[in-house]
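A.B. asks: Dropping a structure here in structure tokens format, bear with me for questions.
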Amino acid sequence: MFSNPLTTGSKRPSLPVETPVSSWNVIVYRKTEPIHSFHSYDTSQAQYFQQGYASFYIQLQQSADPSSTNSSVLYLRYLTQSQRNSVDTSILPFTISLLDDLKLSPETSPSLSAMGTQASRFYNTEQQSVRINEQSEHPTAFLFRAKAFLGILVLNNVTNSTNAAAIIRAYMIFVTEETPIGRLFDANIIRILQIAAVPLRDCQEDETYVSGIKKLFQGGCFYYSKYSKPESNYNKHYFDKPYDITLCAQRMEQGHDSDIRFFWNRGLSLPLLKYNIDIRYWIPKVMCGGIENFRSQHDDIDLWLISRLSCERAGTRFNVRGVNDDGAVANFVETEQIVLIPQQHSYSSFIIIRGSIPIFWHQPRFQVATHRINISRSEALSYKAFFEHFKHLYCHYGRLLVINLVERRDHEKRIGNEYKNLFDLLVKTSRQTQNSQQSSVNHLNERDFIWFDYHEQSRTIKNFTAEQFVQKLFIENVNYPIKERLHQQGFFTWMNGAKYSTQKGVFRMNCIDCLDRTNNVQLTIGSNVLFMQLQALKKQCNSYYISDGLRGMWVKNGDHISRIYTGTGALGQRSKAKDIQRSVGRAIQNNLRDDDKQQSVQTLIYSYSKDSYLHERSVAALFTPYVISDGFILNELFKIRRNYTRKEKFRISIGTWNINGDKNPALGHQYPSILDAWLFHGPDNMSTNLRKPNAIQTNGYLASDYEKSSPDIVAIGFQEICDLTASNIVSKSSSNANRWVENVEDYFKKNYQDTEYILLGMDQLVGVCLAIFIRRDLAPYVKNVGIDTVKTGMGGTLGNKGCVAIRLVLHNTSICFICAHFTAGQNEYSERNKDYKLMMEKLSFQPPSRAIWHDHIFFLGDFNYRLTIPRAQVEYFVRNGSYKELLEYDQLKKELQEKRVFRDFEEGEIRFPPTYKYDIGSDEYDTSEKARTPSYTDRVLWRTTCPNIQIKQLYYGRAEVKTSDHRPVSSIFDADVEICDEKRLYEEYVQLYRRLSPSNALIRYDMVANSIQTKQQIIDEFDLYIKKRYGSDISIVDRFFASNQRYLSLYMFFENGEHVRRVLEPREDQLQSGIYFKKTLIDLNEDVALAERLILFFTDVNQTMDPETINYDLGAYQQPARESLSTNQDIPVTSAVAGDELISASGNDTDENYRENNAAELISFDADHQSLSSSSSSNNLQSQSIDPLFNESCFGPFHFSSHPTSNTTRTNGDNLFSFDHPTPSAGSNFYIDSFDIAELPSSRQDDSKLNLFSQPLTNSTYYETDNHRSKFYYQAPPQFIPTRPPPPVPTIASNAPAPIPSLDVQRLLTLKNLSLNPNNNTNNSNEKINDLVDLGDPGSPPPSPKFDPFG
């Protein structure tokens, strides 16, 4: 959801300045009425007649005259007929209209609780929900008062199946509790504490879908602003428009539109925009992040610190890392430091930003103590996203100084090097595209990147606070141009009614999480800037007092950002005991609750575009901003795709082979010939004339119009790539997979020297392996790469059977490759059908999230479907080449015909013998005692979902490779791929919107009703009138009555504006019953509505923080030359499934440097939280009571248990831990390893005094202090049987006891010196011991679905 700029030559319309809103308070009313979803003459739908639903009135108090009850009111009606949508439509199940001259008053309307309790369910302030009284006889009831209306949340509950249809649930979101922060400029800043989610339909289960949204707002990290009149002593506004909380002061002064990066309830406002409601007067803009203020009344100084968290790639720590394909990074925060002098009406603003390292990388959720960082894409595949990220930053902020705070050793070194390499590459390519007439000072250079190893530098200086250390070794260090850049970039200052200075650039800062280290450095830089701001404002004050206040604000700011991203406050600013406690809390939060929180964040941001086939398909088919468009507009855009797209054909080569465990790896000299026949030259090897000497023969189907060309995409699938033994199922062996991929890479280098190929992605599930290669020149046009695996063995618990899927979007077409191994057995076809259904239901990616929703799907593998006739008959058909007759007995063909499996998939003509089962090294079918019937087990099928893009199979055959009991099968396709013209798409979107306007499509019929007729009779007569006069194609969405002193008015919603314009003429008419009426089009200013849409979808490149930033425009993207890349081999993408261990396929993970310390100490706590033990080389474990530190509320009612990760590439997996309910006979112990003794070399693991544990210790996570890191372990319960080889048992060599370290090191981590033991007389801590437990309420562990965030 990165805010893409408008295309070249396009101009975004501007909005007139809105009237300030001084109060967002609303009053909510409810009216229960039957929704007539049928006509009286249509009795087929009579069963729905009595179904009652509520309609709601929302009255904005600020717009009403206090002396009158007449005001504009939002009227929302639920539509039963739109409750369920099909996969290719998206209709909102409600209508919204703006009513005038409507008398509503909470004093005259009965309250909901006064309407009777026999059948009434009423609003409960504790549950923050509304129940609808279906039998209420009161037309309108007062419901409740709210602080603000935030919009409408629309959820799509869709199953992952081929005929998925969404049940749409809609909720009105209201602020019910808030707290004021203070007055800033002309606005009061408000923190949201509680919200109410009011469902539009009465359904008990609807509450469960918004519980996570409520918890998000309860965290106190959401804010909005409301207008405040200027102070009486200076009756002048600070800005020419109402203060916008999403904008910094410098951009406010320039009159910019809202910054949609920080507009968190943007998705909630879209349903109102659909009905042309001007959201500026109804919905406040909500920002997520942190806001702190400090006021010195004596000095007349207000300090404000505003951290705005971007919603473009929002999420939690281990679910969202790095960059997405649009260039948005995780945990991107713009922090504004404001110094305000109210009496002088002067202020100064300074901007600094932080964000995750903008490359594709992951970090394992579990086993974090290894600190393993996995880079999932090579430079060639990462550079486009890297470029887009910095292009946006340079355009938005001006010149950047990148400050990288990661370590220069271990795992952080690798990602730091990759970051530096890509930035240097950006500098080289930008120099080539910049205008030669520009001043050289504006050119980017390598000095704009600073790598400051925060942890290493902190070890070189002692007895300094974090700020003092950063000040001495970083700010004042002549080797770093920090002070120089501070003066060059400057800050924004407004004095004496005029602009005094502007900020021309920013510092972009990061560490791994962009939390603790980043916050400390930003704090120190902010303190330096504070003195510069005060000097610029010519303000004399007690600077030390003001500086202390600013420091406290930065510390709280770090807590705010950390709680959003990790669930706990920041580390490094308080006591080390607090850091330990928060680190443990992070481990629990990140491993147990983040999946649910991630889903809630995505739901809040994307609202109805999430889990909708129409919207998710647009992720690939269109561009990101259009994803959140109205469903009707999207549907129309797809109908006219030919106007803004063109098609190209791409050659795809696919191979599948069950290699029977690859039992003969000594085939180095045969790999080229095998790959040649199997994947690349199968059509040539069919003919003896074209076949090369000593080439392997192939058999199969070849299209008459086949023309030889190099493939654009190569998909290689294996089954049984390792033996399906118990040990491999527990911990897979990746050596065979690595060897095959390396041989394919070598083959490309030798045989395709003019066409370079790179490994896009690879993954392995026990014996199933899938690898995708693409031409390197296609790398800039590939995005949304995703990988997932599904286990189907033993009911979905084991990976001996299952699938690996890799998805990509090429240009604007989504392609999904699925390599599978189904259940074996002659008569187990029903189980194989279940395997397929389970795979298609469980496969989940980033949008398009469902496998079946992709434009092209290729299904390959060993499906194990058999021939149902005796072996002798099979051999007879094979000898005669009667393959067509033979396939009449194929189980898969029969299941396909009856549509029980692979629905809508196609398979080409088979002109080769059965591929299973052969004697290895022979052309004879199975001669063992079982004498299995030969069968077509190895297949390639495909499916395309779009009629305008097709797939043509050019070759389908097998290669006569005899090293396995299966013959390898391959297929070659030409697939259509759509390429979208972004500029033409934008033009078509605007034209389409204008053609279908008015978007609200609402007509009011004013009449004097006949008292004899009922309202339903009038509705039926109007329906007949419209169908007879204007045609049956006119679609009426909704109709309702409203009355005033003169008329009875019937409001009718139509599907689109074209229908409205047809029905509108003539303006006056008469029904057959004699009722005279006149028509009025409800026009709510279409130009304003269109402008609001475009502002919410696109950024304006001209709305930059400083006009001079145009000097830093990076220009159009250019793919870097191959020789300019620093890496020779590409890194594959691995599974990004929640909880999986992600390892790069290249195996180049940074080596573990075992630190052999002289002593180690373990802090442990058991499942009952009753004791804590310490261990060193000189004494045994001794129990000490630590109830105040780790008590029952901290970990109960859970204990750790082991769960296997899904298998990943080129490495053995590790065990995971999770929380489960404890068993009576089991207890899990936990340890904090302060000196990494669990990673000692094997030579030091014998005869150790620490080798006394009955079960191994499993590494979990780090906790960090200023100059030390320790690791958090758990010990499995006694009956625990590991499913994978455990890590080495922590030991210390008994023949060489390690000496006790010096106290200055040991004091950091021992219980005694940490003063954690309340019985210790040396405890001098001023903090309360109970304050150490800050983990929150564990509750029950939430489900851990595979989340599918956008990007």
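Following the order of the structure tokens, chains are lettered A, B, ..., residues in each are numbered from 1, and ligands are numbered from 1.
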Please provide as a PDB file with C-alpha atoms, in the first residue's frame all residues within 8 Å of range 682-693 of chain A, with the sequence filter that same-chain residues fewer than 2 positions apart are discarded (counting only C-alpha atoms).
C.D. replies:
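Wrote selection-v8.pdb, looks like this:
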ATOM      1  CA  ASP A 676      19.350 -31.215 -21.366  1.00  0.00           C
ATOM      2  CA  ALA A 677      16.822 -33.933 -22.154  1.00  0.00           C
ATOM      3  CA  TRP A 678      14.524 -33.348 -19.219  1.00  0.00           C
ATOM      4  CA  LEU A 679      14.112 -29.575 -19.097  1.00  0.00           C
ATOM      5  CA  PHE A 680      15.620 -27.749 -22.009  1.00  0.00           C
ATOM      6  CA  ALA A 695      21.897 -37.364 -25.806  1.00  0.00           C
ATOM      7  CA  ILE A 696      19.054 -38.962 -23.849  1.00  0.00           C
ATOM      8  CA  GLN A 697      15.945 -39.799 -25.831  1.00  0.00           C
ATOM      9  CA  THR A 698      12.573 -38.199 -25.079  1.00  0.00           C
ATOM     10  CA  ASN A 699       9.003 -39.148 -25.959  1.00  0.00           C
ATOM     11  CA  GLY A 700       5.823 -37.122 -25.937  1.00  0.00           C
ATOM     12  CA  LEU A 702       4.997 -31.624 -29.594  1.00  0.00           C
ATOM     13  CA  TYR A 955       5.520 -29.875 -25.401  1.00  0.00           C
ATOM     14  CA  GLY A 957       6.901 -35.543 -22.657  1.00  0.00           C
ATOM     15  CA  ARG A 958       9.249 -37.650 -20.636  1.00  0.00           C
ATOM     16  CA  ALA A 959      12.991 -38.269 -20.734  1.00  0.00           C
ATOM     17  CA  SER A 970       8.501 -32.020 -18.497  1.00  0.00           C
TER      18      SER A 970
END
A.B. asks: Env of range 793-810 of chain A: 6 Å cut, atoms = only C-alpha atoms, seq-sep filter 3 positions within chain, self excluded. Answer as a list in words.
C.D. replies: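 Contacts, in chain order: Val766, Tyr781, Val782, Lys783, Asn784, Val785, Gly786, Ile787, Asp788, Thr789, Val790, Thr813, Ser814, Ile815, Cys816, Phe817, Ile818, Cys819, Ala820, His821 and Phe822 of chain A.
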A.B. asks: For those residues, write all heavy atoms to a file as a compact mmCIF listing (two decimals), in the first residue's frame.
C.D. replies:
# COMPACT_ATOMS: atom_id res chain seq x y z
N VAL A 766 10.55 -31.89 3.30
CA VAL A 766 11.06 -33.26 3.36
C VAL A 766 11.51 -33.68 1.97
O VAL A 766 12.55 -33.26 1.50
CB VAL A 766 10.03 -34.23 3.96
CG1 VAL A 766 10.65 -35.60 4.21
CG2 VAL A 766 9.48 -33.67 5.27
N TYR A 781 10.72 -6.71 -13.10
CA TYR A 781 9.28 -6.82 -13.34
C TYR A 781 8.64 -7.94 -12.51
O TYR A 781 7.47 -8.26 -12.70
CB TYR A 781 9.03 -7.07 -14.83
CG TYR A 781 9.78 -6.12 -15.71
CD1 TYR A 781 10.86 -6.55 -16.47
CD2 TYR A 781 9.45 -4.77 -15.75
CE1 TYR A 781 11.58 -5.67 -17.27
CE2 TYR A 781 10.16 -3.89 -16.54
CZ TYR A 781 11.23 -4.34 -17.30
OH TYR A 781 11.93 -3.46 -18.09
N VAL A 782 9.42 -8.52 -11.61
CA VAL A 782 8.91 -9.57 -10.73
C VAL A 782 8.69 -8.98 -9.35
O VAL A 782 9.55 -8.28 -8.81
CB VAL A 782 9.89 -10.75 -10.65
CG1 VAL A 782 9.45 -11.75 -9.59
CG2 VAL A 782 10.00 -11.44 -12.00
N LYS A 783 7.53 -9.26 -8.76
CA LYS A 783 7.23 -8.77 -7.42
C LYS A 783 6.35 -9.80 -6.71
O LYS A 783 5.95 -10.81 -7.29
CB LYS A 783 6.51 -7.42 -7.48
CG LYS A 783 5.16 -7.45 -8.20
CD LYS A 783 4.51 -6.08 -8.22
CE LYS A 783 3.15 -6.13 -8.92
NZ LYS A 783 2.49 -4.80 -8.93
N ASN A 784 6.10 -9.51 -5.44
CA ASN A 784 5.21 -10.33 -4.62
C ASN A 784 5.58 -11.81 -4.66
O ASN A 784 4.73 -12.68 -4.79
CB ASN A 784 3.75 -10.16 -5.04
CG ASN A 784 3.24 -8.76 -4.76
OD1 ASN A 784 3.93 -7.94 -4.17
ND2 ASN A 784 2.02 -8.49 -5.18
N VAL A 785 6.87 -12.09 -4.54
CA VAL A 785 7.32 -13.48 -4.50
C VAL A 785 6.93 -14.07 -3.14
O VAL A 785 7.20 -13.48 -2.10
CB VAL A 785 8.83 -13.58 -4.72
CG1 VAL A 785 9.29 -15.03 -4.67
CG2 VAL A 785 9.21 -12.93 -6.03
N GLY A 786 6.31 -15.21 -3.17
CA GLY A 786 5.90 -15.85 -1.93
C GLY A 786 6.04 -17.34 -2.01
O GLY A 786 5.95 -17.94 -3.09
N ILE A 787 6.29 -17.96 -0.85
CA ILE A 787 6.48 -19.40 -0.77
C ILE A 787 5.65 -19.94 0.38
O ILE A 787 5.57 -19.32 1.45
CB ILE A 787 7.96 -19.77 -0.58
CG1 ILE A 787 8.78 -19.28 -1.76
CG2 ILE A 787 8.15 -21.26 -0.40
CD1 ILE A 787 10.26 -19.59 -1.65
N ASP A 788 5.06 -21.10 0.17
CA ASP A 788 4.33 -21.75 1.26
C ASP A 788 4.42 -23.26 1.07
O ASP A 788 4.67 -23.75 -0.05
CB ASP A 788 2.87 -21.31 1.27
CG ASP A 788 2.17 -21.65 2.58
OD1 ASP A 788 2.89 -21.95 3.56
OD2 ASP A 788 0.94 -21.60 2.63
N THR A 789 4.26 -23.98 2.16
CA THR A 789 4.26 -25.44 2.14
C THR A 789 3.05 -25.94 2.90
O THR A 789 2.56 -25.29 3.83
CB THR A 789 5.54 -26.01 2.79
OG1 THR A 789 5.60 -25.57 4.16
CG2 THR A 789 6.78 -25.56 2.05
N VAL A 790 2.56 -27.10 2.50
CA VAL A 790 1.44 -27.75 3.18
C VAL A 790 1.77 -29.22 3.36
O VAL A 790 2.13 -29.91 2.41
CB VAL A 790 0.13 -27.60 2.38
CG1 VAL A 790 -0.99 -28.39 3.04
CG2 VAL A 790 -0.27 -26.14 2.26
N THR A 813 0.62 -9.99 -14.06
CA THR A 813 -0.01 -11.31 -14.09
C THR A 813 0.58 -12.17 -12.98
O THR A 813 1.80 -12.27 -12.86
CB THR A 813 0.19 -11.99 -15.45
OG1 THR A 813 -0.39 -11.18 -16.48
CG2 THR A 813 -0.45 -13.37 -15.47
N SER A 814 -0.28 -12.76 -12.18
CA SER A 814 0.17 -13.61 -11.08
C SER A 814 0.28 -15.06 -11.55
O SER A 814 -0.59 -15.57 -12.25
CB SER A 814 -0.79 -13.52 -9.89
OG SER A 814 -2.10 -13.88 -10.27
N ILE A 815 1.37 -15.70 -11.16
CA ILE A 815 1.66 -17.08 -11.57
C ILE A 815 2.01 -17.88 -10.32
O ILE A 815 2.84 -17.44 -9.51
CB ILE A 815 2.82 -17.14 -12.57
CG1 ILE A 815 2.56 -16.21 -13.76
CG2 ILE A 815 3.05 -18.56 -13.06
CD1 ILE A 815 3.72 -16.09 -14.72
N CYS A 816 1.41 -19.03 -10.19
CA CYS A 816 1.65 -19.88 -9.03
C CYS A 816 2.08 -21.26 -9.49
O CYS A 816 1.42 -21.88 -10.34
CB CYS A 816 0.38 -19.99 -8.17
SG CYS A 816 0.60 -20.94 -6.64
N PHE A 817 3.20 -21.75 -8.95
CA PHE A 817 3.71 -23.09 -9.23
C PHE A 817 3.54 -23.93 -7.97
O PHE A 817 3.98 -23.52 -6.89
CB PHE A 817 5.18 -23.06 -9.64
CG PHE A 817 5.46 -22.29 -10.89
CD1 PHE A 817 5.78 -20.94 -10.83
CD2 PHE A 817 5.39 -22.89 -12.14
CE1 PHE A 817 6.05 -20.21 -11.98
CE2 PHE A 817 5.65 -22.18 -13.29
CZ PHE A 817 5.98 -20.83 -13.21
N ILE A 818 2.94 -25.10 -8.12
CA ILE A 818 2.71 -26.00 -6.98
C ILE A 818 3.29 -27.36 -7.32
O ILE A 818 2.88 -28.00 -8.30
CB ILE A 818 1.22 -26.14 -6.66
CG1 ILE A 818 0.57 -24.76 -6.45
CG2 ILE A 818 1.01 -27.01 -5.42
CD1 ILE A 818 -0.94 -24.82 -6.29
N CYS A 819 4.26 -27.79 -6.53
CA CYS A 819 4.86 -29.12 -6.70
C CYS A 819 4.37 -29.99 -5.56
O CYS A 819 4.54 -29.64 -4.38
CB CYS A 819 6.39 -29.00 -6.67
SG CYS A 819 7.24 -30.59 -6.82
N ALA A 820 3.79 -31.14 -5.87
CA ALA A 820 3.10 -31.94 -4.86
C ALA A 820 3.47 -33.40 -4.96
O ALA A 820 3.89 -33.90 -6.01
CB ALA A 820 1.59 -31.76 -4.98
N HIS A 821 3.30 -34.08 -3.85
CA HIS A 821 3.44 -35.53 -3.76
C HIS A 821 2.22 -36.04 -2.99
O HIS A 821 2.08 -35.76 -1.79
CB HIS A 821 4.74 -35.91 -3.04
CG HIS A 821 5.11 -37.34 -3.21
ND1 HIS A 821 6.20 -37.91 -2.58
CD2 HIS A 821 4.55 -38.34 -3.95
CE1 HIS A 821 6.28 -39.19 -2.92
NE2 HIS A 821 5.28 -39.47 -3.76
N PHE A 822 1.35 -36.78 -3.70
CA PHE A 822 0.09 -37.23 -3.10
C PHE A 822 0.26 -38.61 -2.45
O PHE A 822 1.28 -39.28 -2.62
CB PHE A 822 -1.02 -37.30 -4.15
CG PHE A 822 -1.50 -35.96 -4.63
CD1 PHE A 822 -0.95 -34.78 -4.14
CD2 PHE A 822 -2.52 -35.86 -5.56
CE1 PHE A 822 -1.40 -33.55 -4.58
CE2 PHE A 822 -2.98 -34.65 -6.01
CZ PHE A 822 -2.42 -33.48 -5.52
A.B. asks: Leaving out Asn188 in chain A and any residue of its chain fewer than 3 positions from it, which residues lie within 10 Å of it when counting only C-alpha atoms, given as a count of residues only?
C.D. replies: 15
A.B. asks: Tell me which of A:Ala1121, A:Val21, A:Leu760, A:Val627 sits closest to Ile605 in chain A, counting only C-alpha atoms.
C.D. replies: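 Residue with the minimum atom-to-atom distance to Ile605 in chain A: A:Val627.
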A.B. asks: Set the distance at 12 Å and use only C-alpha atoms: which residues neighbour Asp1033 in chain A once local chain neighbours fewer than 3 positions away are removed? I'd like the list as a list in words.
C.D. replies: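 Residues meeting the cut-off are Ile1026, Lys1027, Lys1028, Arg1029, Tyr1030, Ile1036, Phe1054, Glu1055, Asn1056, Glu1058, His1059, Arg1062 and Val1063 of chain A.
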A.B. asks: Which neighbours of Ala380 in chain A fall inside 12 Å, counting only C-alpha atoms, when residues of the same chain fewer than 6 positions from it are skipped, and could you give them as a VMD selection string?
C.D. replies: chain A and resid 359 to 360 386 to 387 418 421 to 422 425 756 to 760 774 to 782 1118 to 1132
A.B. asks: Where does DSSP see alpha helix (DSSP H) in range 790-967 of chain A, if you list the residues as a ChimeraX atom specification?
C.D. replies: /A:829-842,871-879,883-886,891-897
A.B. asks: Would you output that residue set with N, CA, C and O atoms, as a compact mmCIF listing (two decimals), in the first residue's frame?
C.D. replies:
# COMPACT_ATOMS: atom_id res chain seq x y z
N TYR A 829 -7.39 -43.35 -4.29
CA TYR A 829 -7.64 -42.13 -5.07
C TYR A 829 -8.46 -41.11 -4.27
O TYR A 829 -8.31 -39.90 -4.45
N SER A 830 -9.34 -41.58 -3.39
CA SER A 830 -10.11 -40.63 -2.59
C SER A 830 -9.20 -39.87 -1.63
O SER A 830 -9.42 -38.67 -1.37
N GLU A 831 -8.17 -40.53 -1.09
CA GLU A 831 -7.21 -39.83 -0.23
C GLU A 831 -6.40 -38.81 -1.03
O GLU A 831 -6.06 -37.74 -0.52
N ARG A 832 -6.10 -39.16 -2.27
CA ARG A 832 -5.38 -38.20 -3.11
C ARG A 832 -6.26 -36.99 -3.41
O ARG A 832 -5.75 -35.85 -3.46
N ASN A 833 -7.55 -37.21 -3.59
CA ASN A 833 -8.45 -36.08 -3.77
C ASN A 833 -8.45 -35.18 -2.53
O ASN A 833 -8.47 -33.95 -2.64
N LYS A 834 -8.42 -35.81 -1.37
CA LYS A 834 -8.39 -35.03 -0.13
C LYS A 834 -7.08 -34.25 -0.01
O LYS A 834 -7.06 -33.12 0.49
N ASP A 835 -5.99 -34.87 -0.46
CA ASP A 835 -4.71 -34.17 -0.43
C ASP A 835 -4.78 -32.88 -1.25
O ASP A 835 -4.32 -31.82 -0.81
N TYR A 836 -5.36 -32.99 -2.43
CA TYR A 836 -5.47 -31.81 -3.29
C TYR A 836 -6.31 -30.72 -2.62
O TYR A 836 -5.92 -29.55 -2.58
N LYS A 837 -7.45 -31.10 -2.09
CA LYS A 837 -8.33 -30.11 -1.46
C LYS A 837 -7.66 -29.47 -0.25
O LYS A 837 -7.78 -28.25 -0.02
N LEU A 838 -6.94 -30.27 0.53
CA LEU A 838 -6.26 -29.73 1.70
C LEU A 838 -5.18 -28.73 1.28
O LEU A 838 -5.00 -27.68 1.92
N MET A 839 -4.46 -29.05 0.22
CA MET A 839 -3.44 -28.13 -0.26
C MET A 839 -4.05 -26.81 -0.71
O MET A 839 -3.56 -25.72 -0.35
N MET A 840 -5.09 -26.87 -1.48
CA MET A 840 -5.68 -25.65 -2.00
C MET A 840 -6.34 -24.82 -0.91
O MET A 840 -6.44 -23.60 -1.02
N GLU A 841 -6.79 -25.46 0.14
CA GLU A 841 -7.39 -24.73 1.25
C GLU A 841 -6.34 -24.07 2.14
O GLU A 841 -6.56 -22.97 2.66
N LYS A 842 -5.20 -24.73 2.32
CA LYS A 842 -4.21 -24.24 3.27
C LYS A 842 -3.15 -23.34 2.65
O LYS A 842 -2.53 -22.56 3.38
N ARG A 871 -1.94 -55.38 -15.08
CA ARG A 871 -0.65 -55.00 -15.65
C ARG A 871 -0.49 -55.51 -17.07
O ARG A 871 0.06 -54.81 -17.93
N ALA A 872 -0.97 -56.69 -17.34
CA ALA A 872 -0.81 -57.27 -18.67
C ALA A 872 -1.50 -56.41 -19.72
O ALA A 872 -0.97 -56.20 -20.83
N GLN A 873 -2.68 -55.91 -19.38
CA GLN A 873 -3.38 -55.05 -20.34
C GLN A 873 -2.64 -53.73 -20.54
O GLN A 873 -2.58 -53.21 -21.66
N VAL A 874 -2.06 -53.22 -19.47
CA VAL A 874 -1.30 -51.98 -19.59
C VAL A 874 -0.13 -52.18 -20.54
O VAL A 874 0.13 -51.36 -21.43
N GLU A 875 0.59 -53.25 -20.35
CA GLU A 875 1.75 -53.50 -21.19
C GLU A 875 1.34 -53.72 -22.64
O GLU A 875 2.07 -53.35 -23.56
N TYR A 876 0.16 -54.29 -22.85
CA TYR A 876 -0.33 -54.49 -24.22
C TYR A 876 -0.58 -53.14 -24.89
O TYR A 876 -0.16 -52.90 -26.04
N PHE A 877 -1.26 -52.23 -24.21
CA PHE A 877 -1.50 -50.90 -24.76
C PHE A 877 -0.20 -50.15 -25.02
O PHE A 877 -0.06 -49.43 -26.01
N VAL A 878 0.77 -50.31 -24.11
CA VAL A 878 2.04 -49.62 -24.26
C VAL A 878 2.79 -50.12 -25.49
O VAL A 878 3.36 -49.34 -26.26
N ARG A 879 2.82 -51.43 -25.67
CA ARG A 879 3.51 -52.00 -26.84
C ARG A 879 2.91 -51.50 -28.14
O ARG A 879 3.63 -51.27 -29.12
N TYR A 883 -1.93 -45.01 -26.30
CA TYR A 883 -1.95 -44.25 -25.04
C TYR A 883 -3.32 -43.63 -24.78
O TYR A 883 -3.74 -43.50 -23.63
N LYS A 884 -4.01 -43.23 -25.84
CA LYS A 884 -5.33 -42.64 -25.65
C LYS A 884 -6.30 -43.64 -25.04
O LYS A 884 -7.05 -43.32 -24.11
N GLU A 885 -6.28 -44.88 -25.54
CA GLU A 885 -7.14 -45.91 -24.98
C GLU A 885 -6.71 -46.28 -23.56
O GLU A 885 -7.55 -46.53 -22.69
N LEU A 886 -5.42 -46.26 -23.32
CA LEU A 886 -4.92 -46.61 -22.00
C LEU A 886 -5.38 -45.59 -20.95
O LEU A 886 -5.72 -45.96 -19.82
N GLN A 891 -7.08 -43.08 -13.25
CA GLN A 891 -7.88 -42.55 -12.15
C GLN A 891 -8.00 -41.04 -12.21
O GLN A 891 -9.06 -40.47 -11.96
N LEU A 892 -6.91 -40.35 -12.53
CA LEU A 892 -6.95 -38.89 -12.55
C LEU A 892 -7.88 -38.38 -13.63
O LEU A 892 -8.64 -37.42 -13.41
N LYS A 893 -7.85 -39.01 -14.82
CA LYS A 893 -8.74 -38.58 -15.89
C LYS A 893 -10.20 -38.74 -15.46
O LYS A 893 -11.05 -37.87 -15.73
N LYS A 894 -10.49 -39.83 -14.78
CA LYS A 894 -11.86 -40.07 -14.33
C LYS A 894 -12.27 -39.03 -13.30
O LYS A 894 -13.38 -38.48 -13.34
N GLU A 895 -11.39 -38.73 -12.35
CA GLU A 895 -11.72 -37.76 -11.32
C GLU A 895 -11.86 -36.36 -11.92
O GLU A 895 -12.69 -35.56 -11.47
N LEU A 896 -11.06 -36.07 -12.94
CA LEU A 896 -11.18 -34.78 -13.61
C LEU A 896 -12.52 -34.65 -14.32
O LEU A 896 -13.18 -33.61 -14.27
N GLN A 897 -12.93 -35.70 -15.00
CA GLN A 897 -14.20 -35.67 -15.73
C GLN A 897 -15.38 -35.47 -14.79
O GLN A 897 -16.33 -34.77 -15.12
